[in-house]
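With mmCIF, C-alpha atoms inside, this is input-v2.cif:
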```
data_structure
#
loop_
_atom_site.label_atom_id
_atom_site.label_comp_id
_atom_site.auth_asym_id
_atom_site.auth_seq_id
_atom_site.Cartn_x
_atom_site.Cartn_y
_atom_site.Cartn_z
CA MET A 293 44.09 -24.05 -77.97
CA ALA A 294 44.08 -27.70 -78.99
CA SER A 295 41.65 -28.61 -76.21
CA LEU A 296 39.05 -26.31 -77.79
CA ILE A 297 39.09 -28.19 -81.07
CA ILE A 298 37.67 -31.49 -79.81
CA ILE A 299 34.51 -31.88 -77.74
CA PHE A 300 34.15 -35.15 -75.82
CA ASN A 301 30.43 -35.64 -75.33
CA ASN A 302 27.60 -37.58 -76.87
CA GLN A 303 25.80 -34.39 -77.92
CA HIS A 304 28.66 -33.55 -80.29
CA LEU A 305 28.63 -37.08 -81.69
CA ASN A 306 24.85 -36.97 -82.18
CA LYS A 307 25.24 -33.84 -84.28
CA GLN A 308 28.01 -35.22 -86.47
CA LYS A 309 26.23 -38.47 -87.36
CA PHE A 310 23.95 -36.50 -89.69
CA SER A 311 27.00 -35.30 -91.63
CA PHE A 312 28.95 -38.58 -91.51
CA GLN A 313 26.64 -41.51 -92.19
CA ASN A 314 29.27 -44.17 -91.42
CA THR A 315 29.39 -43.12 -87.75
CA LYS A 316 25.86 -44.39 -87.12
CA THR A 317 26.99 -48.02 -86.89
CA SER A 318 29.97 -47.29 -84.63
CA PRO A 319 29.53 -47.35 -80.82
CA TYR A 320 29.96 -44.09 -78.93
CA GLU A 321 32.94 -45.45 -76.98
CA VAL A 322 34.88 -46.03 -80.19
CA GLN A 323 34.10 -42.57 -81.53
CA GLN A 324 35.06 -40.92 -78.24
CA ILE A 325 38.41 -42.71 -78.13
CA ASN A 326 39.09 -41.72 -81.74
CA LEU A 327 38.42 -38.10 -80.79
CA GLN A 328 40.81 -38.46 -77.86
CA ARG A 329 43.48 -39.82 -80.21
CA LEU A 330 42.96 -36.85 -82.50
CA ASP A 331 43.15 -34.45 -79.57
CA LYS A 332 46.46 -35.96 -78.42
CA ALA A 333 47.86 -35.72 -81.94
CA TRP A 334 46.96 -32.01 -82.15
CA LYS A 335 48.44 -31.29 -78.73
CA ARG A 336 51.69 -33.08 -79.60
CA TRP A 337 51.98 -30.87 -82.67
CA LEU A 338 50.95 -27.56 -81.07
CA VAL A 339 52.36 -27.92 -77.56
CA PRO A 340 56.10 -28.74 -77.20
CA ASP A 341 57.26 -31.26 -74.60
CA LYS A 342 59.71 -30.62 -71.73
CA THR A 343 62.67 -30.59 -74.10
CA GLY A 344 60.97 -28.12 -76.44
CA LYS A 345 60.42 -30.72 -79.16
CA ARG A 346 57.17 -30.93 -81.09
CA PHE A 347 55.87 -33.82 -83.13
CA GLY A 348 54.76 -33.58 -86.74
CA ARG A 349 51.42 -32.34 -87.93
CA PRO A 350 48.57 -34.89 -87.76
CA ARG A 351 47.98 -36.55 -91.09
CA PHE A 352 44.60 -37.44 -92.52
CA LYS A 353 43.91 -41.16 -92.51
CA LYS A 354 41.80 -42.76 -95.18
CA LEU A 355 38.93 -45.03 -94.26
CA GLY A 356 40.91 -48.18 -95.04
CA LYS A 357 43.95 -47.08 -93.02
CA LEU A 358 42.16 -47.04 -89.66
CA ARG A 359 42.47 -50.69 -88.64
CA SER A 360 41.63 -50.70 -84.93
CA LEU A 361 38.65 -50.04 -82.67
CA SER A 362 39.21 -49.38 -78.98
CA PHE A 363 36.72 -49.78 -76.16
CA SER A 364 37.27 -48.06 -72.81
CA ARG A 365 35.48 -50.69 -70.70
CA VAL A 366 34.62 -54.38 -70.91
CA ASN A 367 31.91 -56.42 -69.16
CA HIS A 368 30.42 -53.27 -67.69
CA PRO A 369 26.59 -53.03 -67.63
CA LYS A 370 26.79 -50.07 -70.02
CA ALA A 371 29.82 -51.32 -71.98
CA ALA A 372 29.53 -51.84 -75.72
CA ILE A 373 31.64 -55.02 -75.61
CA LYS A 374 31.43 -58.06 -73.34
CA PHE A 375 33.58 -61.19 -73.12
CA ASP A 376 32.57 -64.46 -71.42
CA GLY A 377 35.69 -66.49 -72.16
CA LYS A 378 34.44 -68.04 -75.41
CA GLN A 379 32.84 -65.23 -77.40
CA ILE A 380 32.57 -61.47 -77.49
CA SER A 381 29.34 -59.53 -77.76
CA ILE A 382 29.48 -56.10 -79.36
CA SER A 383 26.51 -53.78 -79.54
CA ARG A 384 25.37 -53.14 -83.14
CA PHE A 385 27.55 -56.05 -84.34
CA GLY A 386 26.24 -59.06 -82.42
CA THR A 387 27.97 -62.07 -80.87
CA ILE A 388 31.21 -63.35 -82.38
CA PRO A 389 32.96 -66.60 -81.34
CA VAL A 390 36.70 -66.20 -80.76
CA ILE A 391 39.75 -68.45 -80.48
CA VAL A 392 41.28 -67.65 -77.08
CA HIS A 393 45.07 -67.51 -77.23
CA ARG A 394 45.41 -67.80 -73.47
CA ALA A 395 42.90 -67.89 -70.63
CA ILE A 396 42.38 -64.84 -68.42
CA PRO A 397 44.25 -65.55 -65.14
CA ASP A 398 42.29 -65.64 -61.91
CA GLY A 399 42.14 -62.30 -60.13
CA PHE A 400 42.75 -60.26 -63.28
CA VAL A 401 40.15 -57.71 -64.37
CA ILE A 402 39.64 -56.81 -68.04
CA LYS A 403 39.85 -53.03 -68.39
CA THR A 404 39.93 -52.17 -72.10
CA ALA A 405 39.68 -53.97 -75.44
CA THR A 406 41.06 -53.23 -78.89
CA ILE A 407 39.91 -54.96 -82.08
CA THR A 408 42.57 -54.88 -84.80
CA LYS A 409 42.19 -55.89 -88.43
CA LYS A 410 45.20 -57.77 -89.81
CA ALA A 411 45.92 -59.50 -93.07
CA ASP A 412 44.55 -62.87 -91.94
CA GLY A 413 41.60 -61.74 -89.83
CA TYR A 414 40.55 -59.79 -86.76
CA TYR A 415 42.27 -59.88 -83.38
CA VAL A 416 41.05 -58.76 -79.95
CA SER A 417 43.56 -57.51 -77.39
CA PHE A 418 42.58 -56.99 -73.74
CA SER A 419 44.40 -54.89 -71.18
CA LEU A 420 44.21 -56.48 -67.74
CA GLU A 421 44.59 -55.18 -64.21
CA ASP A 422 46.00 -57.15 -61.29
CA LYS A 423 46.03 -55.74 -57.80
CA SER A 424 48.82 -58.03 -56.60
CA ILE A 425 51.97 -56.62 -58.18
CA PRO A 426 55.10 -58.70 -57.41
CA SER A 427 58.06 -56.91 -55.89
CA LEU A 428 61.17 -56.41 -58.00
CA ILE A 429 64.28 -58.49 -57.35
CA THR A 430 67.18 -56.40 -56.11
CA THR A 431 70.51 -56.69 -57.87
CA ASP A 432 72.11 -58.04 -54.68
CA ASN A 433 69.96 -61.18 -54.91
CA ILE A 434 70.94 -61.95 -58.51
CA LYS A 435 73.47 -64.80 -58.41
CA THR A 436 74.05 -65.49 -62.13
CA ALA A 437 73.93 -63.18 -65.14
CA VAL A 438 74.82 -63.35 -68.82
CA GLY A 439 76.21 -60.37 -70.71
CA ILE A 440 74.81 -59.89 -74.23
CA ASP A 441 76.15 -57.63 -76.97
CA VAL A 442 73.83 -56.96 -79.91
CA GLY A 443 75.63 -56.22 -83.17
CA LEU A 444 75.23 -55.97 -86.95
CA LYS A 445 77.30 -58.95 -88.12
CA GLU A 446 75.90 -61.25 -85.43
CA PHE A 447 72.50 -60.99 -83.84
CA LEU A 448 74.03 -61.27 -80.37
CA THR A 449 77.21 -62.38 -78.66
CA THR A 450 77.33 -63.50 -75.04
CA ASN A 451 80.17 -63.05 -72.61
CA THR A 452 80.82 -66.80 -72.86
CA GLY A 453 81.65 -66.50 -76.57
CA GLU A 454 78.37 -67.90 -77.91
CA THR A 455 77.14 -66.18 -81.08
CA VAL A 456 73.74 -66.19 -82.76
CA PRO A 457 73.66 -65.32 -86.48
CA VAL A 458 71.25 -62.80 -87.99
CA PRO A 459 68.32 -64.76 -89.49
CA ASN A 460 67.68 -62.30 -92.39
CA PHE A 461 64.00 -63.21 -92.71
CA TYR A 462 63.24 -60.20 -94.90
CA ARG A 463 66.13 -60.76 -97.31
CA LYS A 464 65.14 -64.41 -97.77
CA ALA A 465 61.60 -63.33 -98.67
CA GLN A 466 62.58 -60.43 -100.95
CA SER A 467 62.26 -62.37 -104.21
CA ASN A 468 58.82 -63.68 -103.22
CA LEU A 469 57.78 -60.19 -102.11
CA ALA A 470 58.98 -58.63 -105.37
CA ARG A 471 57.02 -61.18 -107.39
CA LYS A 472 53.81 -60.49 -105.45
CA GLN A 473 54.31 -56.72 -105.76
CA GLY A 474 54.80 -57.08 -109.51
CA GLN A 475 51.54 -59.02 -109.74
CA ALA A 476 49.74 -56.26 -107.85
CA ASP A 477 51.18 -53.56 -110.12
CA ARG A 478 49.63 -55.24 -113.14
CA LYS A 479 46.14 -55.14 -111.61
CA GLU A 480 43.74 -52.23 -111.93
CA ILE A 481 43.93 -50.12 -108.77
CA GLY A 482 40.80 -50.54 -106.68
CA SER A 483 39.61 -53.72 -108.40
CA ASN A 484 38.87 -56.95 -106.55
CA ASN A 485 41.94 -58.64 -108.05
CA TRP A 486 44.09 -55.69 -106.91
CA LYS A 487 42.70 -56.02 -103.38
CA LYS A 488 43.44 -59.75 -103.36
CA ALA A 489 47.02 -59.10 -104.53
CA GLN A 490 47.49 -56.44 -101.86
CA ASN A 491 46.20 -58.87 -99.24
CA ARG A 492 48.76 -61.49 -100.34
CA ILE A 493 51.52 -58.89 -99.91
CA ALA A 494 50.18 -57.97 -96.46
CA LYS A 495 50.12 -61.64 -95.42
CA LEU A 496 53.76 -62.06 -96.47
CA HIS A 497 54.77 -58.99 -94.43
CA GLN A 498 52.83 -60.38 -91.49
CA HIS A 499 54.61 -63.72 -91.83
CA ILE A 500 58.01 -61.99 -91.77
CA ALA A 501 57.03 -59.95 -88.71
CA ARG A 502 55.91 -63.08 -86.87
CA GLN A 503 59.15 -64.86 -87.77
CA ARG A 504 61.11 -62.00 -86.21
CA GLU A 505 58.89 -61.97 -83.14
CA ASP A 506 59.25 -65.72 -82.56
CA PHE A 507 63.00 -65.46 -83.05
CA HIS A 508 63.31 -62.61 -80.54
CA VAL A 509 61.14 -64.39 -78.00
CA HIS A 510 63.21 -67.58 -78.33
CA TYR A 511 66.58 -65.89 -77.75
CA CYS A 512 65.61 -62.97 -75.53
CA SER A 513 63.19 -64.56 -73.10
#
```

Would you mind writing the file out in C-alpha cells?
Amino acid sequence: MASLIIIFNNQHLNKQKFSFQNTKTSPYEVQQINLQRLDKAWKRWLVPDKTGKRFGRPRFKKLGKLRSLSFSRVNHPKAAIKFDGKQISISRFGTIPVIVHRAIPDGFVIKTATITKKADGYYVSFSLEDKSIPSLITTDNIKTAVGIDVGLKEFLTTNTGETVPVPNFYRKAQSNLARKQGQADRKEIGSNNWKKAQNRIAKLHQHIARQREDFHVHYCS
C-alpha cells in the first residue's frame, strides 16, 4: 500500500516541478532521496515491524525545518556533487571551497554525501567504503580491561574507584539561554531581528552539544 504512494523516477519529478517551483533548483538525486525518506516513514507507520510495533504518523515538515541534502553518489561522471580534496562542486550551485576536517585515507572510496545546515554554517559529511575490514579481537586476547559504571550522581565510576563528576553543561548555560530566549520573545515573529535572536539561541545549543561530545570523546575513547 505504502509503496504505491511514492514513485521513484525522473518522470514523476518532472511533472511535479510545475506545481512546486522550488524543486527546479534542487538536483534529482536530492529529490529522489527525499522521496525515499518519505516512503520509509509511511511504511514504518502503516506496516508493523517483527514485534508488531508501528511508528507514529509522518509529520509535515516546514521549509525551514529540512536542514539536510543527501546525494547518493560522489565523484561519479553523472553525480551531482564532486569532491577533489579542497572544494566541492555541486550542479546548479557551483564550486564551493571547504575546510577539510580530516583527509580521506588512502584506499577509501567516497560513496554518499550529506550537506547539513547548522547554526554556524554548512557541513558536508561523507560516507566512505574500505574493502580491507580489520578482524575483531577475540575476548581471549584481551589482557587488561576496566569496568565502568555510568550513574546519575557521577558520570562514571571505574572498578578502581576513580570517579568522574557530571559536567552539567546545560545547567551552567541555563541563565544565558533564558536571557537569549527572552530577547527572542520580544521580537516580532518572522522579522530579521527575530531570526538573528533565534540563530543566537541555536548557536548556544550547538555549543552545549559540542561540549558534551568533546567530554564523551575524552572519557570514553

TODO: I would like the residues chosen by the PyMOL selection byres ((chain A and resi 366-383) around 12) on the shown file; could you give them as a PyMOL selection string?
DONE: chain A and resi 317-323+361-365+384-397+401-407+415-420

Open item on the list: Please compute the atom CA of Trp334 of chain A-atom CA of Ser360 of chain A distance, one decimal, in Å.
Closed with: 19.6 Å

Task: Minimum-distance residue to Lys488 of chain A, chosen among A:Ala501, A:Asp412, A:Ile440, A:Arg336 (using all atoms listed in the file) - done: A:Asp412

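Comparing A:Asp441, A:Arg471, A:Phe400, A:Lys409 by their smallest distance to Ile425 of chain A, the closest is A:Phe400 (using only C-alpha atoms).
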
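Separating atom CA of Ala333 of chain A from atom CA of Lys353 of chain A is a distance of 12.5 Å.
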
Can you put all heavy atoms back into segment 357-368 of chain A and show it as a PDB file, in the frame of the given file?
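Printed below is out-v2.pdb as written:
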```pdb
ATOM      1  N   LYS A 357      42.721 -47.098 -93.800  1.00  0.00           N
ATOM      2  CA  LYS A 357      43.950 -47.080 -93.020  1.00  0.00           C
ATOM      3  C   LYS A 357      43.692 -47.227 -91.526  1.00  0.00           C
ATOM      4  O   LYS A 357      44.597 -47.562 -90.772  1.00  0.00           O
ATOM      5  CB  LYS A 357      44.721 -45.787 -93.284  1.00  0.00           C
ATOM      6  CG  LYS A 357      45.221 -45.635 -94.706  1.00  0.00           C
ATOM      7  CD  LYS A 357      46.251 -46.695 -95.050  1.00  0.00           C
ATOM      8  CE  LYS A 357      46.803 -46.490 -96.457  1.00  0.00           C
ATOM      9  NZ  LYS A 357      47.810 -47.532 -96.818  1.00  0.00           N
ATOM     10  N   LEU A 358      42.485 -46.922 -91.072  1.00  0.00           N
ATOM     11  CA  LEU A 358      42.160 -47.040 -89.660  1.00  0.00           C
ATOM     12  C   LEU A 358      41.759 -48.487 -89.390  1.00  0.00           C
ATOM     13  O   LEU A 358      40.665 -48.916 -89.757  1.00  0.00           O
ATOM     14  CB  LEU A 358      41.021 -46.087 -89.284  1.00  0.00           C
ATOM     15  CG  LEU A 358      40.712 -45.945 -87.794  1.00  0.00           C
ATOM     16  CD1 LEU A 358      41.925 -45.416 -87.040  1.00  0.00           C
ATOM     17  CD2 LEU A 358      39.531 -45.029 -87.574  1.00  0.00           C
ATOM     18  N   ARG A 359      42.640 -49.240 -88.758  1.00  0.00           N
ATOM     19  CA  ARG A 359      42.470 -50.690 -88.640  1.00  0.00           C
ATOM     20  C   ARG A 359      42.178 -51.162 -87.225  1.00  0.00           C
ATOM     21  O   ARG A 359      42.268 -52.355 -86.947  1.00  0.00           O
ATOM     22  CB  ARG A 359      43.718 -51.402 -89.164  1.00  0.00           C
ATOM     23  CG  ARG A 359      44.006 -51.124 -90.627  1.00  0.00           C
ATOM     24  CD  ARG A 359      45.237 -51.842 -91.102  1.00  0.00           C
ATOM     25  NE  ARG A 359      45.472 -51.603 -92.525  1.00  0.00           N
ATOM     26  CZ  ARG A 359      44.983 -52.342 -93.504  1.00  0.00           C
ATOM     27  NH1 ARG A 359      44.209 -53.367 -93.204  1.00  0.00           N
ATOM     28  NH2 ARG A 359      45.235 -52.067 -94.758  1.00  0.00           N
ATOM     29  N   SER A 360      41.874 -50.272 -86.300  1.00  0.00           N
ATOM     30  CA  SER A 360      41.630 -50.700 -84.930  1.00  0.00           C
ATOM     31  C   SER A 360      40.457 -49.938 -84.330  1.00  0.00           C
ATOM     32  O   SER A 360      40.211 -48.774 -84.659  1.00  0.00           O
ATOM     33  CB  SER A 360      42.875 -50.498 -84.062  1.00  0.00           C
ATOM     34  OG  SER A 360      43.208 -49.129 -83.971  1.00  0.00           O
ATOM     35  N   LEU A 361      39.737 -50.625 -83.450  1.00  0.00           N
ATOM     36  CA  LEU A 361      38.650 -50.040 -82.670  1.00  0.00           C
ATOM     37  C   LEU A 361      38.949 -50.293 -81.205  1.00  0.00           C
ATOM     38  O   LEU A 361      39.224 -51.433 -80.821  1.00  0.00           O
ATOM     39  CB  LEU A 361      37.304 -50.682 -83.045  1.00  0.00           C
ATOM     40  CG  LEU A 361      36.852 -50.599 -84.502  1.00  0.00           C
ATOM     41  CD1 LEU A 361      35.566 -51.389 -84.688  1.00  0.00           C
ATOM     42  CD2 LEU A 361      36.647 -49.159 -84.915  1.00  0.00           C
ATOM     43  N   SER A 362      38.896 -49.265 -80.396  1.00  0.00           N
ATOM     44  CA  SER A 362      39.210 -49.380 -78.980  1.00  0.00           C
ATOM     45  C   SER A 362      37.966 -49.127 -78.144  1.00  0.00           C
ATOM     46  O   SER A 362      37.172 -48.227 -78.451  1.00  0.00           O
ATOM     47  CB  SER A 362      40.322 -48.400 -78.583  1.00  0.00           C
ATOM     48  OG  SER A 362      41.519 -48.698 -79.269  1.00  0.00           O
ATOM     49  N   PHE A 363      37.822 -49.918 -77.090  1.00  0.00           N
ATOM     50  CA  PHE A 363      36.720 -49.780 -76.160  1.00  0.00           C
ATOM     51  C   PHE A 363      37.282 -49.494 -74.771  1.00  0.00           C
ATOM     52  O   PHE A 363      38.207 -50.181 -74.321  1.00  0.00           O
ATOM     53  CB  PHE A 363      35.866 -51.052 -76.120  1.00  0.00           C
ATOM     54  CG  PHE A 363      35.235 -51.396 -77.444  1.00  0.00           C
ATOM     55  CD1 PHE A 363      35.944 -52.109 -78.405  1.00  0.00           C
ATOM     56  CD2 PHE A 363      33.939 -51.006 -77.721  1.00  0.00           C
ATOM     57  CE1 PHE A 363      35.369 -52.439 -79.610  1.00  0.00           C
ATOM     58  CE2 PHE A 363      33.352 -51.328 -78.941  1.00  0.00           C
ATOM     59  CZ  PHE A 363      34.060 -52.037 -79.891  1.00  0.00           C
ATOM     60  N   SER A 364      36.721 -48.514 -74.095  1.00  0.00           N
ATOM     61  CA  SER A 364      37.270 -48.060 -72.810  1.00  0.00           C
ATOM     62  C   SER A 364      36.870 -48.917 -71.636  1.00  0.00           C
ATOM     63  O   SER A 364      37.443 -48.788 -70.552  1.00  0.00           O
ATOM     64  CB  SER A 364      36.853 -46.610 -72.544  1.00  0.00           C
ATOM     65  OG  SER A 364      35.432 -46.501 -72.538  1.00  0.00           O
ATOM     66  N   ARG A 365      35.905 -49.823 -71.799  1.00  0.00           N
ATOM     67  CA  ARG A 365      35.480 -50.690 -70.700  1.00  0.00           C
ATOM     68  C   ARG A 365      34.904 -51.973 -71.274  1.00  0.00           C
ATOM     69  O   ARG A 365      34.347 -51.998 -72.370  1.00  0.00           O
ATOM     70  CB  ARG A 365      34.444 -49.977 -69.828  1.00  0.00           C
ATOM     71  CG  ARG A 365      33.274 -49.380 -70.592  1.00  0.00           C
ATOM     72  CD  ARG A 365      32.410 -48.510 -69.721  1.00  0.00           C
ATOM     73  NE  ARG A 365      31.329 -47.900 -70.502  1.00  0.00           N
ATOM     74  CZ  ARG A 365      30.416 -47.098 -70.001  1.00  0.00           C
ATOM     75  NH1 ARG A 365      30.452 -46.784 -68.714  1.00  0.00           N
ATOM     76  NH2 ARG A 365      29.470 -46.595 -70.760  1.00  0.00           N
ATOM     77  N   VAL A 366      35.060 -53.049 -70.496  1.00  0.00           N
ATOM     78  CA  VAL A 366      34.620 -54.380 -70.910  1.00  0.00           C
ATOM     79  C   VAL A 366      33.828 -55.003 -69.772  1.00  0.00           C
ATOM     80  O   VAL A 366      34.180 -54.846 -68.594  1.00  0.00           O
ATOM     81  CB  VAL A 366      35.819 -55.276 -71.285  1.00  0.00           C
ATOM     82  CG1 VAL A 366      35.346 -56.648 -71.764  1.00  0.00           C
ATOM     83  CG2 VAL A 366      36.673 -54.621 -72.351  1.00  0.00           C
ATOM     84  N   ASN A 367      32.764 -55.717 -70.124  1.00  0.00           N
ATOM     85  CA  ASN A 367      31.910 -56.420 -69.160  1.00  0.00           C
ATOM     86  C   ASN A 367      31.247 -55.476 -68.159  1.00  0.00           C
ATOM     87  O   ASN A 367      30.854 -55.895 -67.068  1.00  0.00           O
ATOM     88  CB  ASN A 367      32.699 -57.497 -68.413  1.00  0.00           C
ATOM     89  CG  ASN A 367      33.093 -58.651 -69.325  1.00  0.00           C
ATOM     90  OD1 ASN A 367      32.473 -58.876 -70.359  1.00  0.00           O
ATOM     91  ND2 ASN A 367      34.132 -59.367 -68.939  1.00  0.00           N
ATOM     92  N   HIS A 368      31.150 -54.226 -68.501  1.00  0.00           N
ATOM     93  CA  HIS A 368      30.420 -53.270 -67.690  1.00  0.00           C
ATOM     94  C   HIS A 368      28.948 -53.284 -68.130  1.00  0.00           C
ATOM     95  O   HIS A 368      28.656 -53.563 -69.302  1.00  0.00           O
ATOM     96  CB  HIS A 368      31.013 -51.871 -67.860  1.00  0.00           C
ATOM     97  CG  HIS A 368      30.472 -50.851 -66.929  1.00  0.00           C
ATOM     98  ND1 HIS A 368      29.350 -50.103 -67.215  1.00  0.00           N
ATOM     99  CD2 HIS A 368      30.891 -50.447 -65.691  1.00  0.00           C
ATOM    100  CE1 HIS A 368      29.104 -49.281 -66.221  1.00  0.00           C
ATOM    101  NE2 HIS A 368      30.012 -49.468 -65.284  1.00  0.00           N
TER     102      HIS A 368
END
```
